[in-house]
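Since the structure comes first, as structure tokens, the remarks are kept for the end.
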Amino acid sequence: MDMSQYLRMFLDESEEYLQTLNQSLLELEHNPSDEQLINNIFRAAHSLKGMAATMGFDRMANLTHEMENVLDRIRAKKMVLTTGIVDILFKCLDRLDKLVKEISHSGAETSEVDDIIELLQNVDSIKDGAASPTVKSTSVEVDLMDTNSDEQSTIISHLKTDYYCYVLDVELVKDCLLKAVRGFMVIKNLKEAGVVVKSIPSLKEIEDEKFDYEFKILYLTKESEKEIESIVTDITDVKGIQIVRITEDNLTGETGPYIENGIQEVAAAVEVASEESEESNAQLTQQDLKITPTVRVDIDKLDSLMNLVAELLINKTRLEEISNRMNVSNELFGDILQQLDRVTMNLQHTVMQVRMVPIERIFNRFPRMVRDLSKELNKKVNLIIDGAETELDRSIIDSLGDPLVHLLRNAIDHGIEDPETRKKAGKSEFAELRLSAAQKGNEILIQVTDDGRGLDAKKITKKALERGVITRDDLTKMSDHEKIMLIFRPGFSTSEVISDISGRGVGLDVVRKTVESLDGHIYIDTELGKGTTFNISLPLTLAITQALLVKVCDETYAIPLSVIEGAEDITAEQVQMVQGQEVFVLRGHLIPLVWSHKLLGLSIPDLNDNTEQLSVVVIGTGKKQVGLIVSELINQQDIVIKSLGEFLIDVPHISGATILGDGEVALILDVRNIA
């Protein structure tokens, strides 16, 4: 059978499982006695192994199998989880991640796995590793009293009324395409002849086909083992079944709780089953096994759909413009326009919601990176993540990973002091590194904050002069904030030593370019000795946004509403000069003024008298406000953002273009850096 059609799904699910494994293993390192975490990790590894084996990727399957063996011993309390074992498991996950990337690029595994397999097989040699000798997996000690009281009562009461209790290990044919359906048929047929108490994997995993063609059932029936075998093997695609009988002595421990390996897995699952899965397994019905109504959609198809919605929005705007110009007063035509407007807005909103994904998609990869880097630099860092549920357009999220990696690495390497230095400064030896996201209007604000040494403007300007980034004449004209922002210049670094972490002047300039390419803005808040916050503001989407249309001379321009804090009409006499800068007073604050004509290289109109009205758009850039003087305010409307293309991408103060209702093209002003 050709498995290539399932490759994309395999890669997506593998990445999700690896992310889950990394995150759960980090949590387990801090809570090694959390049996639920251990079982979650074991199940994720087991599912990953099954998928790899099904797709024919033997190296992934073999490596995951050995990892599963180690996890199984930890789960069975035959080995104590230590930092050394965690390090080996992380190496295993790194190699699996590398294999997934190789498969994605070339369709084949190229990296060897024997070295990691050897580490996993010899994990007992780690000094702080195993706590006790291992036992053969064919016969293990199990305490079935871990079942809840209702299940215990059910089992014991049935055993006293001529029922038998079995653990059934059902295996399906490996090429079986409808695992969930076959699993349901097995359970349905068994229910007709007895009581299904528990199942492994959980009901949810069976629904999602997340099992390696094998599942186990804790089962009560009056039928013989031969009859059970007949009931199960009569179903298509069932390869075989293993049956182990449990007596009441096994449950109560009166004659020693030693049973076969299959029962161990059932007992372990009992401990970690959630209330939801307990109820659904106890009352398994055909309705419980319904397929979850979700589908995976290629991002290119979503991009195409968004483009079609954008074209529809443009034509709807043009139709309204034609109606206004022709002064159409037909009631039916007006109703149609209103209906079209409502449908278009709903469709636009729905498509944008489909494209939105939680930012945790990228946030979840950072705890592992912070752990490894702080360990390498001998620093103690607590990473705190806030607002991971905040949603952002998929196209923006895909580009945001690398900038955040640079900022976090920069914070740990440059910003956070070593434990001894922190103690001398009266700080906790554990530094706090916070990564947060929040929605503010039509923008997303992402912050990377550390409580380290802060940025030293004097040290930064000294290095900038040494490296020729600025001249002394430039320095005399710069504010403290502008001096701090020098760290975003290409080739700039304050590191004295070049390492594979920092020191080559590559990183923060890439961060700024990437953020600005996403129509975003980055600014810094810092206090020497207290810490630093990098603030990134981004639009919710790069496709459709609301904008204010303005006139500059005779041309129409669009300014995104996300950066506008208000609009004012002032007279020329309200304009004042402060230190050579034109300003006006707004609610007790001095707001610097910038002429849009000058910004765009056009001639500034002459003012005939001091009473002439000036239209000012108040722009918020970081924590600053700037008043942009324009010729005329037109109206507010939704616009479709179009790229200028590679030849015009570097035009200053222009971020894109849009098509207006009359078919004319209006440029979109980039006003984030005019302060």
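Ligands are numbered from 1 in the order shown, residues from 1 within each chain, and chains are lettered A, B, ... in the order they appear in the structure tokens.
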- Message: I'd like the neighbourhood of Leu455 in chain A as a ChimeraX atom specification, where a residue qualifies if any of its atoms comes within 12 Å (using only C-alpha atoms), though same-chain residues fewer than 6 positions away should be ignored.
- Response: /A:410-411,414-416,461,480-481,483-487,494,524-534
Create the file for the chosen residues now, containing N, CA and C atoms and written as a tab-separated table (two decimals), in the first residue's frame.
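The resulting part.tsv:
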```tsv
chain	number	residue	atom	x	y	z
A	410	ASN	N	19.39	35.88	24.11
A	410	ASN	CA	20.07	37.12	24.46
A	410	ASN	C	19.84	37.46	25.93
A	411	ALA	N	18.60	37.23	26.41
A	411	ALA	CA	18.28	37.52	27.81
A	411	ALA	C	19.09	36.64	28.75
A	414	HIS	N	23.19	37.58	27.97
A	414	HIS	CA	23.61	38.95	28.27
A	414	HIS	C	22.90	39.55	29.48
A	415	GLY	N	21.59	39.31	29.59
A	415	GLY	CA	20.82	40.02	30.60
A	415	GLY	C	20.91	39.42	31.99
A	416	ILE	N	20.83	38.12	32.09
A	416	ILE	CA	20.76	37.46	33.40
A	416	ILE	C	22.16	37.17	33.94
A	461	THR	N	26.91	52.59	23.64
A	461	THR	CA	27.44	53.62	22.74
A	461	THR	C	28.95	53.49	22.59
A	480	ASP	N	18.55	58.80	25.05
A	480	ASP	CA	18.92	57.55	25.72
A	480	ASP	C	18.24	56.34	25.06
A	481	HIS	N	16.98	56.54	24.68
A	481	HIS	CA	16.25	55.44	24.04
A	481	HIS	C	16.90	55.06	22.71
A	483	LYS	N	19.99	55.42	21.93
A	483	LYS	CA	21.26	54.74	22.22
A	483	LYS	C	21.02	53.26	22.53
A	484	ILE	N	19.96	52.98	23.31
A	484	ILE	CA	19.63	51.59	23.63
A	484	ILE	C	19.27	50.82	22.36
A	485	MET	N	18.55	51.49	21.47
A	485	MET	CA	18.09	50.82	20.24
A	485	MET	C	19.24	50.51	19.27
A	486	LEU	N	20.46	50.97	19.59
A	486	LEU	CA	21.62	50.65	18.75
A	486	LEU	C	21.90	49.14	18.73
A	487	ILE	N	21.42	48.41	19.74
A	487	ILE	CA	21.70	46.97	19.77
A	487	ILE	C	21.03	46.24	18.61
A	494	THR	N	27.83	43.45	22.25
A	494	THR	CA	28.60	43.90	23.43
A	494	THR	C	29.39	42.75	24.04
A	524	ILE	N	12.13	48.86	23.49
A	524	ILE	CA	12.77	48.32	24.70
A	524	ILE	C	12.47	49.20	25.90
A	525	ASP	N	12.15	48.56	27.02
A	525	ASP	CA	12.12	49.22	28.34
A	525	ASP	C	13.21	48.57	29.18
A	526	THR	N	14.05	49.37	29.77
A	526	THR	CA	15.14	48.80	30.57
A	526	THR	C	15.49	49.71	31.73
A	527	GLU	N	15.97	49.12	32.80
A	527	GLU	CA	16.45	49.86	33.97
A	527	GLU	C	17.71	49.18	34.45
A	528	LEU	N	18.79	49.92	34.53
A	528	LEU	CA	20.08	49.36	34.88
A	528	LEU	C	20.02	48.70	36.26
A	529	GLY	N	20.42	47.44	36.31
A	529	GLY	CA	20.42	46.69	37.56
A	529	GLY	C	19.10	46.04	37.89
A	530	LYS	N	18.03	46.37	37.14
A	530	LYS	CA	16.69	45.85	37.44
A	530	LYS	C	16.20	44.85	36.39
A	531	GLY	N	16.53	45.09	35.13
A	531	GLY	CA	16.07	44.16	34.10
A	531	GLY	C	15.67	44.86	32.82
A	532	THR	N	15.23	44.08	31.85
A	532	THR	CA	14.92	44.58	30.51
A	532	THR	C	13.66	43.90	29.98
A	533	THR	N	12.85	44.66	29.25
A	533	THR	CA	11.69	44.11	28.57
A	533	THR	C	11.75	44.47	27.09
A	534	PHE	N	11.70	43.45	26.24
A	534	PHE	CA	11.57	43.66	24.79
A	534	PHE	C	10.08	43.55	24.47
```
Alpha helix (DSSP H) residues, from DSSP on the backbone, in range 534-624 of chain A, as a PDB file with N, CA, C and O atoms, in the first residue's frame:
```pdb
ATOM      1  N   SER A 596       3.172  64.991   7.094  1.00  0.00           N
ATOM      2  CA  SER A 596       3.157  63.831   6.200  1.00  0.00           C
ATOM      3  C   SER A 596       3.757  64.172   4.839  1.00  0.00           C
ATOM      4  O   SER A 596       4.388  63.329   4.189  1.00  0.00           O
ATOM      5  N   HIS A 597       3.580  65.403   4.404  1.00  0.00           N
ATOM      6  CA  HIS A 597       4.142  65.832   3.118  1.00  0.00           C
ATOM      7  C   HIS A 597       5.669  65.710   3.139  1.00  0.00           C
ATOM      8  O   HIS A 597       6.286  65.201   2.203  1.00  0.00           O
ATOM      9  N   LYS A 598       6.264  66.183   4.234  1.00  0.00           N
ATOM     10  CA  LYS A 598       7.724  66.111   4.370  1.00  0.00           C
ATOM     11  C   LYS A 598       8.186  64.663   4.484  1.00  0.00           C
ATOM     12  O   LYS A 598       9.212  64.274   3.927  1.00  0.00           O
ATOM     13  N   LEU A 599       7.412  63.876   5.224  1.00  0.00           N
ATOM     14  CA  LEU A 599       7.740  62.467   5.418  1.00  0.00           C
ATOM     15  C   LEU A 599       7.821  61.738   4.078  1.00  0.00           C
ATOM     16  O   LEU A 599       8.681  60.880   3.867  1.00  0.00           O
TER      17      LEU A 599
END
```
- Neighbour list for Ala431 in chain A as a PyMOL selection string, cut-off 7 Å, only C-alpha atoms, skip fewer than 2 positions in-chain: chain A and resi 380-382+416+428-429+433+451
- Who sits within 8 Å of Leu48 in chain A, only C-alpha atoms, same chain under 2 positions skipped, as an MDAnalysis selection string: chainID A and resid 14 17 44:46 50:52 61 64
Please produce a file of those selected residues containing N, CA and C atoms, as an mmCIF file, in the first residue's frame.
```cif
data_model
loop_
_atom_site.group_PDB
_atom_site.id
_atom_site.type_symbol
_atom_site.label_atom_id
_atom_site.label_comp_id
_atom_site.auth_asym_id
_atom_site.auth_seq_id
_atom_site.Cartn_x
_atom_site.Cartn_y
_atom_site.Cartn_z
ATOM 1 N N SER A 14 3.716 13.808 14.352
ATOM 2 C CA SER A 14 4.999 13.539 15.010
ATOM 3 C C SER A 14 5.511 14.786 15.712
ATOM 4 N N TYR A 17 3.514 15.237 18.884
ATOM 5 C CA TYR A 17 3.912 14.290 19.927
ATOM 6 C C TYR A 17 5.261 14.669 20.529
ATOM 7 N N ALA A 44 2.421 8.861 24.790
ATOM 8 C CA ALA A 44 2.843 9.640 23.625
ATOM 9 C C ALA A 44 3.970 8.923 22.878
ATOM 10 N N ALA A 45 4.935 8.376 23.632
ATOM 11 C CA ALA A 45 6.037 7.629 23.002
ATOM 12 C C ALA A 45 5.507 6.386 22.296
ATOM 13 N N HIS A 46 4.550 5.717 22.922
ATOM 14 C CA HIS A 46 3.970 4.506 22.332
ATOM 15 C C HIS A 46 3.246 4.830 21.023
ATOM 16 N N GLY A 50 4.192 3.648 17.161
ATOM 17 C CA GLY A 50 3.232 2.995 16.283
ATOM 18 C C GLY A 50 3.124 3.675 14.930
ATOM 19 N N MET A 51 3.086 5.005 14.926
ATOM 20 C CA MET A 51 2.992 5.731 13.654
ATOM 21 C C MET A 51 4.231 5.506 12.801
ATOM 22 N N ALA A 52 5.420 5.579 13.439
ATOM 23 C CA ALA A 52 6.669 5.389 12.695
ATOM 24 C C ALA A 52 6.739 3.989 12.097
ATOM 25 N N ALA A 61 11.114 4.080 14.872
ATOM 26 C CA ALA A 61 10.369 3.079 15.639
ATOM 27 C C ALA A 61 11.274 2.389 16.657
ATOM 28 N N THR A 64 12.263 4.878 19.490
ATOM 29 C CA THR A 64 11.134 5.136 20.378
ATOM 30 C C THR A 64 10.821 3.913 21.227
#
```
- Message: Need to verify the contact set: range 383-388 of chain A, 12 Å, only C-alpha atoms, exclusion of same-chain residues closer than 3 positions in sequence. Can you return it as an MDAnalysis selection string?
- Response: chainID A and resid 26 357:371 373:374 380 391:392 408 411:412 430:439 444:451
- as a PyMOL selection string, please: all residues of range 319-451 of chain A that backbone DSSP puts in strand (DSSP E). chain A and resi 356-358+380-386+391-393+430-440+443-450
- Message: So that I can check the surroundings of Glu482 in chain A, please list as a ChimeraX atom specification every protein, DNA and RNA residue that reaches within 12 Å of it, counting only C-alpha atoms and ignoring chain neighbours fewer than 5 positions away.
- Response: /A:457-458,460-461,470,474-477,487-489,523-525,673,675
Write to file, as a compact mmCIF listing (two decimals), in the first residue's frame, the residues of the selection just made, with N, CA and C atoms.
```txt
# COMPACT_ATOMS: atom_id res chain seq x y z
N ALA A 457 23.38 52.12 28.58
CA ALA A 457 23.48 52.97 27.39
C ALA A 457 24.92 53.40 27.13
N LYS A 458 25.71 53.65 28.18
CA LYS A 458 27.10 54.08 28.00
C LYS A 458 27.94 52.97 27.39
N ILE A 460 26.82 50.52 25.59
CA ILE A 460 26.34 50.28 24.22
C ILE A 460 26.93 51.31 23.26
N THR A 461 26.91 52.59 23.64
CA THR A 461 27.44 53.62 22.74
C THR A 461 28.95 53.49 22.59
N ILE A 470 28.23 54.01 14.71
CA ILE A 470 27.84 55.43 14.70
C ILE A 470 29.09 56.28 14.79
N ASP A 474 26.88 61.70 15.51
CA ASP A 474 25.58 61.03 15.67
C ASP A 474 25.22 60.91 17.16
N LEU A 475 26.24 60.62 17.96
CA LEU A 475 26.01 60.36 19.38
C LEU A 475 25.45 61.58 20.10
N THR A 476 25.91 62.76 19.73
CA THR A 476 25.47 63.99 20.41
C THR A 476 23.99 64.28 20.16
N LYS A 477 23.44 63.73 19.08
CA LYS A 477 22.04 64.01 18.72
C LYS A 477 21.08 62.93 19.21
N ILE A 487 21.42 48.41 19.74
CA ILE A 487 21.70 46.97 19.77
C ILE A 487 21.03 46.24 18.61
N PHE A 488 20.10 46.92 17.92
CA PHE A 488 19.45 46.31 16.76
C PHE A 488 20.21 46.58 15.46
N ARG A 489 21.31 47.32 15.54
CA ARG A 489 22.07 47.60 14.32
C ARG A 489 22.83 46.35 13.86
N TYR A 523 10.25 47.69 20.62
CA TYR A 523 10.88 48.73 21.42
C TYR A 523 11.28 48.14 22.77
N ILE A 524 12.13 48.86 23.49
CA ILE A 524 12.77 48.32 24.70
C ILE A 524 12.47 49.20 25.90
N ASP A 525 12.15 48.56 27.02
CA ASP A 525 12.12 49.22 28.34
C ASP A 525 13.21 48.57 29.18
N ASN A 673 7.76 54.19 12.88
CA ASN A 673 9.10 54.67 13.24
C ASN A 673 9.30 56.15 12.95
N ALA A 675 8.64 58.60 15.07
CA ALA A 675 8.95 59.38 16.27
C ALA A 675 10.43 59.72 16.33
```
- Compare A:Thr571, A:Gly627, A:Asp298, A:Val616 by their minimum atom-to-atom distance to Leu593 in chain A, counting only C-alpha atoms, and give me the closest one.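 Residue with the minimum atom-to-atom distance to Leu593 in chain A: A:Gly627.
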- Task: Rank A:Val640, A:Val630, A:Val181, A:Ala666 by their smallest atom-to-atom distance to Asn315 in chain A, using only C-alpha atoms, and report the top residue only.
- Result: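 Once distances to Asn315 in chain A are computed over only C-alpha atoms, the minimum belongs to A:Val640.
For the residues A:Asp372, A:Glu102, A:Asp418, A:Glu389, ranking by smallest atom-to-atom distance to Asn22 in chain A using only C-alpha atoms places A:Asp372 first.
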- Figure out the distance between CA of Gly441 in chain A and CA of Ile634 in chain A, please, to one decimal in Å.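 Calculated distance between CA of Ile634 in chain A and CA of Gly441 in chain A is 22.1 Å.
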